[in-house]
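Engineer: Have a look at this one.
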Amino acid sequence: MTESAPVVSIILPVYNAAPYLGEAIDSIRVQSFDDWELIAIDDASADNSAAILDGYATADSRIRVFRNETNLGVGGTLDRAILRSRGQFIARMDADDVCTTDRLAVQLTYLRQNPDVIAVGGQIREMQENGETIRIKSFPTDPDEVYAMMFLCVPIQHPALMVNRAALPDGFNWYEGWSVGEDTNLFFKLTQFGELSNVPELILSYRVCDNGNFLRNIRATFRNTYRARCRALREYGYRASVKARLINHVQYLLIHLVPERLAWRLYSFARKFMWRARRADP
């Protein structure tokens with residue numbers, strides 16, 4: 001008898017995440033909705049992440065572990081995970097984050113009740129490396145707000161994303177191997193097939209680490225983000241106001257003109273301005 005496919009496939013890229021990996025996987029194993037599989041791919045880690053994954057796979061048959069012989073980065077690893085997944089719904093997760101126990105249930109219910117929405121995120125607790133709370137990070141729940149926000153800043157925390165794969169065409173090219181800016185590129189592509197939104201519930205604790213992918217690749221991330229936004233206008237029929245387009249160009253130029261060590265502070269300051277500008281658009 002052929003084993004039936006799980007409803008949700010959780011895709012987990014892992015790279016040198018040993019200090020936090022167990023907590024991340026434990027938060028998946030205690031989900032109130034339990035018809036899931038975890039596709040974890042070790043991206044050629046130099047620590048004992050692979051051994052930790054093997055231990056969990058032995059203990060729980062829903063966990064499937066793979067390894068990259070060489071480091072492919074986030075996008076390439078996620079693409080490999082999706083190829084191995086079987087669920088109708090694809091949920092993202094990072095190896096140093098923690099899900100609330102009802103995350104899958106809340107997002108799955110939302111997508112089933114809102115067939116026009118192809119992908120959904122949620123509200124986030126940002127935490128320090130030691131787990132202490134930094135702040136609650138709020139995201140818009142109105143799909144129109146999410147759509148408008150995409151051209152100025154990220155409207156969904158990528159590790160909190162769940163996508164209804166049934167609404168996508170066969171052969172959909174998810175991440176195209178992008179190692180930075182892969183989330184923005186994906187969000188724009190998804191707008192061709194449905195709306196994007198966020199549930200109002202807190203669903204994930206997001207760990208802010210000094211060696212995070214964004215902080216290590218600030219200029220590359222903005223370069224790919226700019227590339228994705230221009231591509232959205234050109235190829236995906238995305239509609240952005242003149243003001244939003246101008247802010248996008250100015251943002252890109254400033255990030256590349258200032259010293260890289262100041263880029264993060266500039267970005268943090270600019271986000272507040274961009275949010276006010278978005279809300280002022282007619």
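Residues in the structure tokens are numbered from 1 in each chain, the chains being A, B, ... in the order shown, and ligands are numbered from 1 in the order shown.
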With a distance cut-off of 12 Å and only C-alpha atoms, select the neighbouring residues of Gln88 in chain A, excluding the residue or stretch itself and same-chain residues fewer than 5 positions from it, and output the selection as a VMD selection string.

Structural biologist: chain A and resid 4 to 10 35 to 37 82 108 111 to 112 118 162 to 168

Engineer: Produce a file of the selected residues containing C-alpha atoms, as a CSV table (one decimal), in the first residue's frame.

Structural biologist:
```csv
chain,number,residue,atom,x,y,z
A,4,SER,CA,-0.6,8.8,1.6
A,5,ALA,CA,1.0,12.2,1.2
A,6,PRO,CA,0.9,14.5,4.2
A,7,VAL,CA,-1.2,17.7,4.0
A,8,VAL,CA,1.7,20.1,4.9
A,9,SER,CA,5.3,19.9,3.9
A,10,ILE,CA,7.7,22.0,6.1
A,35,ASP,CA,-0.4,15.6,9.4
A,36,TRP,CA,2.9,17.0,8.2
A,37,GLU,CA,6.4,16.0,7.0
A,82,ILE,CA,10.4,21.5,-2.5
A,108,LEU,CA,-4.0,25.9,7.2
A,111,LEU,CA,-5.9,29.2,3.5
A,112,ARG,CA,-8.8,26.8,3.3
A,118,ILE,CA,-2.4,31.7,-2.2
A,162,MET,CA,2.7,28.9,4.1
A,163,VAL,CA,1.8,28.5,0.4
A,164,ASN,CA,-1.1,26.6,-1.2
A,165,ARG,CA,0.8,24.7,-3.8
A,166,ALA,CA,-2.4,23.5,-5.5
A,167,ALA,CA,-3.0,27.1,-6.8
A,168,LEU,CA,0.4,27.1,-8.6
```

Engineer: Got a sec: who's within 9 Å of Gly131 in chain A, counting only C-alpha atoms, leaving out chain neighbours fewer than 3 positions off, as a ChimeraX atom specification?

Structural biologist: /A:126-128,134,205,207

Engineer: Output the selection as a PDB file, in the first residue's frame - all heavy atoms for each residue.

Structural biologist:
```
ATOM      1  N   GLU A 126      10.145  38.884  17.575  1.00  0.00           N
ATOM      2  CA  GLU A 126      11.598  38.907  17.374  1.00  0.00           C
ATOM      3  C   GLU A 126      12.286  38.629  18.703  1.00  0.00           C
ATOM      4  O   GLU A 126      11.886  39.166  19.745  1.00  0.00           O
ATOM      5  CB  GLU A 126      12.053  40.260  16.831  1.00  0.00           C
ATOM      6  CG  GLU A 126      11.773  40.447  15.358  1.00  0.00           C
ATOM      7  CD  GLU A 126      12.479  41.675  14.785  1.00  0.00           C
ATOM      8  OE1 GLU A 126      12.990  42.492  15.587  1.00  0.00           O
ATOM      9  OE2 GLU A 126      12.517  41.813  13.553  1.00  0.00           O
ATOM     10  N   MET A 127      13.318  37.783  18.668  1.00  0.00           N
ATOM     11  CA  MET A 127      14.025  37.459  19.900  1.00  0.00           C
ATOM     12  C   MET A 127      15.528  37.518  19.685  1.00  0.00           C
ATOM     13  O   MET A 127      16.032  37.389  18.565  1.00  0.00           O
ATOM     14  CB  MET A 127      13.622  36.069  20.406  1.00  0.00           C
ATOM     15  CG  MET A 127      13.919  34.927  19.450  1.00  0.00           C
ATOM     16  SD  MET A 127      13.375  33.333  20.145  1.00  0.00           S
ATOM     17  CE  MET A 127      13.700  32.228  18.757  1.00  0.00           C
ATOM     18  N   GLN A 128      16.251  37.738  20.774  1.00  0.00           N
ATOM     19  CA  GLN A 128      17.697  37.726  20.740  1.00  0.00           C
ATOM     20  C   GLN A 128      18.195  36.298  20.608  1.00  0.00           C
ATOM     21  O   GLN A 128      17.430  35.343  20.682  1.00  0.00           O
ATOM     22  CB  GLN A 128      18.254  38.384  22.006  1.00  0.00           C
ATOM     23  CG  GLN A 128      17.856  39.841  22.178  1.00  0.00           C
ATOM     24  CD  GLN A 128      18.323  40.420  23.495  1.00  0.00           C
ATOM     25  OE1 GLN A 128      18.944  39.740  24.310  1.00  0.00           O
ATOM     26  NE2 GLN A 128      18.014  41.687  23.721  1.00  0.00           N
ATOM     27  N   ILE A 134      12.703  40.778  21.821  1.00  0.00           N
ATOM     28  CA  ILE A 134      13.102  42.119  21.384  1.00  0.00           C
ATOM     29  C   ILE A 134      11.859  42.974  21.185  1.00  0.00           C
ATOM     30  O   ILE A 134      11.737  44.066  21.721  1.00  0.00           O
ATOM     31  CB  ILE A 134      13.909  42.055  20.074  1.00  0.00           C
ATOM     32  CG1 ILE A 134      15.208  41.255  20.272  1.00  0.00           C
ATOM     33  CG2 ILE A 134      14.222  43.473  19.570  1.00  0.00           C
ATOM     34  CD1 ILE A 134      15.963  41.013  18.984  1.00  0.00           C
ATOM     35  N   SER A 205       8.459  32.736  16.599  1.00  0.00           N
ATOM     36  CA  SER A 205       9.513  33.533  17.235  1.00  0.00           C
ATOM     37  C   SER A 205      10.722  33.501  16.321  1.00  0.00           C
ATOM     38  O   SER A 205      11.255  32.421  16.010  1.00  0.00           O
ATOM     39  CB  SER A 205       9.869  32.961  18.609  1.00  0.00           C
ATOM     40  OG  SER A 205       8.822  33.172  19.529  1.00  0.00           O
ATOM     41  N   ARG A 207      14.521  34.481  15.427  1.00  0.00           N
ATOM     42  CA  ARG A 207      15.775  34.792  16.117  1.00  0.00           C
ATOM     43  C   ARG A 207      16.629  35.744  15.279  1.00  0.00           C
ATOM     44  O   ARG A 207      16.923  35.461  14.113  1.00  0.00           O
ATOM     45  CB  ARG A 207      16.550  33.511  16.412  1.00  0.00           C
ATOM     46  CG  ARG A 207      17.554  33.652  17.554  1.00  0.00           C
ATOM     47  CD  ARG A 207      18.262  32.330  17.822  1.00  0.00           C
ATOM     48  NE  ARG A 207      17.361  31.235  18.061  1.00  0.00           N
ATOM     49  CZ  ARG A 207      16.920  30.865  19.260  1.00  0.00           C
ATOM     50  NH1 ARG A 207      17.321  31.530  20.334  1.00  0.00           N
ATOM     51  NH2 ARG A 207      16.101  29.834  19.392  1.00  0.00           N
TER      52      ARG A 207
END
```

Engineer: Quick check for you: according to DSSP on this backbone, which residues of range 46-90 of chain A are classed as alpha helix (DSSP H)? Reply as a PyMOL selection string.

Structural biologist: chain A and resi 49-59+73-84

Engineer: Near Ile39 in chain A, counting only C-alpha atoms, which residues have an atom at most 8 Å away, once you skip same-chain residues fewer than 3 positions from it, shown as a PyMOL selection string?

Structural biologist: chain A and resi 9-12+63-66+81+84-85

Engineer: Just all heavy atoms for this one: save the residues we selected as a PDB file, in the first residue's frame.

Structural biologist:
```pdb
ATOM      1  N   SER A   9       3.906  20.128   3.966  1.00  0.00           N
ATOM      2  CA  SER A   9       5.344  19.864   3.916  1.00  0.00           C
ATOM      3  C   SER A   9       6.075  21.089   4.451  1.00  0.00           C
ATOM      4  O   SER A   9       5.903  22.202   3.926  1.00  0.00           O
ATOM      5  CB  SER A   9       5.809  19.585   2.483  1.00  0.00           C
ATOM      6  OG  SER A   9       5.267  18.371   1.997  1.00  0.00           O
ATOM      7  N   ILE A  10       6.856  20.894   5.496  1.00  0.00           N
ATOM      8  CA  ILE A  10       7.654  21.982   6.077  1.00  0.00           C
ATOM      9  C   ILE A  10       9.056  21.878   5.516  1.00  0.00           C
ATOM     10  O   ILE A  10       9.687  20.815   5.603  1.00  0.00           O
ATOM     11  CB  ILE A  10       7.684  21.878   7.612  1.00  0.00           C
ATOM     12  CG1 ILE A  10       6.263  21.832   8.170  1.00  0.00           C
ATOM     13  CG2 ILE A  10       8.461  23.036   8.219  1.00  0.00           C
ATOM     14  CD1 ILE A  10       6.170  21.195   9.540  1.00  0.00           C
ATOM     15  N   ILE A  11       9.539  22.949   4.909  1.00  0.00           N
ATOM     16  CA  ILE A  11      10.871  22.911   4.302  1.00  0.00           C
ATOM     17  C   ILE A  11      11.833  23.706   5.179  1.00  0.00           C
ATOM     18  O   ILE A  11      11.597  24.857   5.516  1.00  0.00           O
ATOM     19  CB  ILE A  11      10.851  23.437   2.851  1.00  0.00           C
ATOM     20  CG1 ILE A  11      10.194  24.811   2.741  1.00  0.00           C
ATOM     21  CG2 ILE A  11      10.097  22.452   1.952  1.00  0.00           C
ATOM     22  CD1 ILE A  11      10.288  25.413   1.350  1.00  0.00           C
ATOM     23  N   LEU A  12      12.937  23.047   5.547  1.00  0.00           N
ATOM     24  CA  LEU A  12      13.863  23.581   6.540  1.00  0.00           C
ATOM     25  C   LEU A  12      15.297  23.528   6.028  1.00  0.00           C
ATOM     26  O   LEU A  12      15.920  22.466   6.016  1.00  0.00           O
ATOM     27  CB  LEU A  12      13.742  22.777   7.834  1.00  0.00           C
ATOM     28  CG  LEU A  12      14.658  23.182   8.994  1.00  0.00           C
ATOM     29  CD1 LEU A  12      14.210  24.523   9.577  1.00  0.00           C
ATOM     30  CD2 LEU A  12      14.649  22.107  10.076  1.00  0.00           C
ATOM     31  N   ILE A  63      10.065  13.065   9.704  1.00  0.00           N
ATOM     32  CA  ILE A  63      11.223  13.920   9.416  1.00  0.00           C
ATOM     33  C   ILE A  63      12.124  13.226   8.397  1.00  0.00           C
ATOM     34  O   ILE A  63      12.612  12.120   8.633  1.00  0.00           O
ATOM     35  CB  ILE A  63      12.003  14.233  10.703  1.00  0.00           C
ATOM     36  CG1 ILE A  63      11.097  14.976  11.699  1.00  0.00           C
ATOM     37  CG2 ILE A  63      13.248  15.061  10.392  1.00  0.00           C
ATOM     38  CD1 ILE A  63      11.726  15.200  13.058  1.00  0.00           C
ATOM     39  N   ARG A  64      12.330  13.883   7.277  1.00  0.00           N
ATOM     40  CA  ARG A  64      13.173  13.346   6.203  1.00  0.00           C
ATOM     41  C   ARG A  64      14.372  14.269   6.023  1.00  0.00           C
ATOM     42  O   ARG A  64      14.213  15.488   5.864  1.00  0.00           O
ATOM     43  CB  ARG A  64      12.368  13.223   4.911  1.00  0.00           C
ATOM     44  CG  ARG A  64      11.138  12.329   5.054  1.00  0.00           C
ATOM     45  CD  ARG A  64      10.198  12.492   3.870  1.00  0.00           C
ATOM     46  NE  ARG A  64      10.851  12.164   2.613  1.00  0.00           N
ATOM     47  CZ  ARG A  64      10.463  12.630   1.429  1.00  0.00           C
ATOM     48  NH1 ARG A  64       9.433  13.467   1.343  1.00  0.00           N
ATOM     49  NH2 ARG A  64      11.094  12.281   0.330  1.00  0.00           N
ATOM     50  N   VAL A  65      15.550  13.680   6.051  1.00  0.00           N
ATOM     51  CA  VAL A  65      16.794  14.456   6.067  1.00  0.00           C
ATOM     52  C   VAL A  65      17.596  14.204   4.793  1.00  0.00           C
ATOM     53  O   VAL A  65      17.761  13.060   4.360  1.00  0.00           O
ATOM     54  CB  VAL A  65      17.648  14.102   7.300  1.00  0.00           C
ATOM     55  CG1 VAL A  65      19.006  14.788   7.237  1.00  0.00           C
ATOM     56  CG2 VAL A  65      16.906  14.485   8.577  1.00  0.00           C
ATOM     57  N   PHE A  66      18.109  15.297   4.223  1.00  0.00           N
ATOM     58  CA  PHE A  66      18.968  15.226   3.043  1.00  0.00           C
ATOM     59  C   PHE A  66      20.177  16.135   3.275  1.00  0.00           C
ATOM     60  O   PHE A  66      20.166  16.968   4.180  1.00  0.00           O
ATOM     61  CB  PHE A  66      18.211  15.660   1.789  1.00  0.00           C
ATOM     62  CG  PHE A  66      16.955  14.870   1.532  1.00  0.00           C
ATOM     63  CD1 PHE A  66      15.733  15.291   2.067  1.00  0.00           C
ATOM     64  CD2 PHE A  66      16.987  13.714   0.776  1.00  0.00           C
ATOM     65  CE1 PHE A  66      14.578  14.567   1.847  1.00  0.00           C
ATOM     66  CE2 PHE A  66      15.826  12.985   0.553  1.00  0.00           C
ATOM     67  CZ  PHE A  66      14.624  13.413   1.084  1.00  0.00           C
ATOM     68  N   ALA A  81      14.508  21.108  -1.398  1.00  0.00           N
ATOM     69  CA  ALA A  81      13.524  20.619  -0.426  1.00  0.00           C
ATOM     70  C   ALA A  81      12.133  20.517  -1.046  1.00  0.00           C
ATOM     71  O   ALA A  81      11.408  19.539  -0.821  1.00  0.00           O
ATOM     72  CB  ALA A  81      13.498  21.538   0.796  1.00  0.00           C
ATOM     73  N   ARG A  84      11.461  17.506  -3.131  1.00  0.00           N
ATOM     74  CA  ARG A  84      11.299  16.279  -2.349  1.00  0.00           C
ATOM     75  C   ARG A  84      10.018  16.276  -1.512  1.00  0.00           C
ATOM     76  O   ARG A  84       9.715  15.292  -0.856  1.00  0.00           O
ATOM     77  CB  ARG A  84      12.517  16.077  -1.446  1.00  0.00           C
ATOM     78  CG  ARG A  84      13.744  15.653  -2.246  1.00  0.00           C
ATOM     79  CD  ARG A  84      15.036  15.962  -1.509  1.00  0.00           C
ATOM     80  NE  ARG A  84      16.175  15.402  -2.224  1.00  0.00           N
ATOM     81  CZ  ARG A  84      16.701  15.955  -3.326  1.00  0.00           C
ATOM     82  NH1 ARG A  84      16.177  17.069  -3.816  1.00  0.00           N
ATOM     83  NH2 ARG A  84      17.739  15.397  -3.930  1.00  0.00           N
ATOM     84  N   SER A  85       9.285  17.375  -1.517  1.00  0.00           N
ATOM     85  CA  SER A  85       8.090  17.492  -0.681  1.00  0.00           C
ATOM     86  C   SER A  85       6.876  16.895  -1.380  1.00  0.00           C
ATOM     87  O   SER A  85       6.812  16.817  -2.607  1.00  0.00           O
ATOM     88  CB  SER A  85       7.837  18.960  -0.337  1.00  0.00           C
ATOM     89  OG  SER A  85       7.516  19.695  -1.514  1.00  0.00           O
TER      90      SER A  85
END
```
